[in-house]
Amino acid sequence: MALETEVKSYLACWMQLGTKVWLQKGQTWFQVQNVLENTRYSPEFEACWAQVREASSGDCYLEGTTVTLQELLSDTWDIIDCARCNMPVALPKAGIPASDCPCQGLSNWPNTEIPCPRAPVNSQDHLKALQHRLSIPRMREG
């Protein structure tokens, strides 16, 4: 099952590349200019995510895909990395994928000359985790 945090990160990564999110069965769309703000998602992206999570929004899906974001939150889908571009992509747990990776519709992706889209990173938490790993005594081989 794709966790809500995975689906949110999936959405955020693709929106960083300019991909739209369609709401109400394709009648309206969101396109967020700034997905990240320092160590968290931007208020603009959070508003988009809240709209996607509302039942009144109807079926919501990422441009270039056919699977709704609501379906991704069910227990029949996983979010994995695309073999072509390393971006997150939805894959059914059983059966044949319903759609291809959205990267096929982007003429400028994958682009190894720019940083890859990502989820927000809290530098302090990351440094604390590194510090903790370094403080654990290693077992000697031999």
# chains A, B, ... in the order shown; residues from 1 in each chain; ligands from 1
$ residues_around --residues "Asp81 in chain A" --least-positions-apart "6" --cutoff "10 Å" --atoms "only C-alpha atoms" --output "list in words"
Tyr10, Met87, Pro88, Val89, Ala90, Leu91 and Cys101 of chain A
$ residues_around --residues "Ser123 in chain A" --least-positions-apart "5" --cutoff "10 Å" --atoms "only C-alpha atoms" --output "number ranges by chain"
A: 38-39, 128-129
$ write_last_selection --atoms "C-alpha atoms" --output "PDB file, in the first residue's frame"
ATOM      1  CA  ASN A  38      13.162  25.661   3.240  1.00  0.00           C
ATOM      2  CA  THR A  39      12.726  22.375   5.131  1.00  0.00           C
ATOM      3  CA  LYS A 128      21.369  14.097  14.000  1.00  0.00           C
ATOM      4  CA  ALA A 129      20.784  10.791  12.218  1.00  0.00           C
TER       5      ALA A 129
END
$ select_by_dssp --residues "chain A" --states "strand (DSSP E)" --output "PDB file with C-alpha atoms, in the first residue's frame"
ATOM      1  CA  VAL A  21      -2.697  17.939 -10.996  1.00  0.00           C
ATOM      2  CA  TRP A  22      -6.177  17.616 -12.464  1.00  0.00           C
ATOM      3  CA  LEU A  23      -9.218  17.838 -10.183  1.00  0.00           C
ATOM      4  CA  THR A  28      -9.824  22.144 -13.175  1.00  0.00           C
ATOM      5  CA  TRP A  29      -6.127  21.889 -12.418  1.00  0.00           C
ATOM      6  CA  PHE A  30      -3.409  22.974 -10.010  1.00  0.00           C
ATOM      7  CA  LEU A  36       9.363  23.397  -1.367  1.00  0.00           C
ATOM      8  CA  GLU A  37      10.037  26.154   1.128  1.00  0.00           C
ATOM      9  CA  ARG A  40       9.036  21.773   4.343  1.00  0.00           C
ATOM     10  CA  TYR A  41       6.448  21.870   1.631  1.00  0.00           C
ATOM     11  CA  TYR A  61      -4.787  12.629 -11.035  1.00  0.00           C
ATOM     12  CA  LEU A  62      -1.345  13.688 -12.137  1.00  0.00           C
ATOM     13  CA  TRP A  77      -0.844   0.419  -5.457  1.00  0.00           C
ATOM     14  CA  ASP A  78       2.816   1.033  -4.653  1.00  0.00           C
ATOM     15  CA  ILE A  79       5.062   3.996  -5.422  1.00  0.00           C
ATOM     16  CA  ILE A  80       8.435   2.925  -6.836  1.00  0.00           C
ATOM     17  CA  ASP A  81      11.229   4.614  -8.798  1.00  0.00           C
ATOM     18  CA  PRO A  88       8.469   8.082  -8.334  1.00  0.00           C
ATOM     19  CA  VAL A  89       5.879   6.209 -10.374  1.00  0.00           C
ATOM     20  CA  ALA A  90       2.699   4.317  -9.449  1.00  0.00           C
ATOM     21  CA  LEU A  91       2.697   0.572  -9.962  1.00  0.00           C
ATOM     22  CA  PRO A  92      -0.174  -1.811  -9.227  1.00  0.00           C
TER      23      PRO A  92
END
$ residues_around --residues "Thr112 in chain A" --least-positions-apart "4" --cutoff "12 Å" --atoms "only C-alpha atoms" --output "number ranges by chain"
A: 84-86, 108, 116-117
$ write_last_selection --atoms "N, CA and C atoms" --output "CSV table (one decimal), in the first residue's frame"
chain,number,residue,atom,x,y,z
A,84,ARG,N,13.6,4.4,-15.9
A,84,ARG,CA,14.1,5.3,-16.9
A,84,ARG,C,14.7,6.5,-16.3
A,85,CYS,N,13.9,7.1,-15.3
A,85,CYS,CA,14.3,8.5,-14.8
A,85,CYS,C,14.5,8.6,-13.3
A,86,ASN,N,14.3,7.5,-12.6
A,86,ASN,CA,14.4,7.5,-11.1
A,86,ASN,C,13.4,8.3,-10.4
A,108,ASN,N,12.1,17.2,-21.8
A,108,ASN,CA,13.4,17.6,-21.2
A,108,ASN,C,13.7,16.8,-19.9
A,116,CYS,N,17.6,16.6,-9.1
A,116,CYS,CA,16.4,15.9,-9.2
A,116,CYS,C,15.4,16.4,-8.2
A,117,PRO,N,14.1,16.5,-8.5
A,117,PRO,CA,13.1,16.9,-7.6
A,117,PRO,C,13.2,15.9,-6.4
$ closest_residue --among "A:Ser57, A:Gln31, A:Ser107, A:Gln124" --to "Met15 in chain A" --atoms "only C-alpha atoms"
A:Gln31
$ closest_residue --among "A:Thr76, A:Ser56, A:Gln51, A:Thr65" --to "Thr19 in chain A" --atoms "only C-alpha atoms"
A:Thr65
$ residues_around --residues "Gln16 in chain A" --least-positions-apart "6" --cutoff "8 Å" --atoms "only C-alpha atoms" --output "list in words"
Val32, Gln33, Asn34, Val35 and Pro117 of chain A
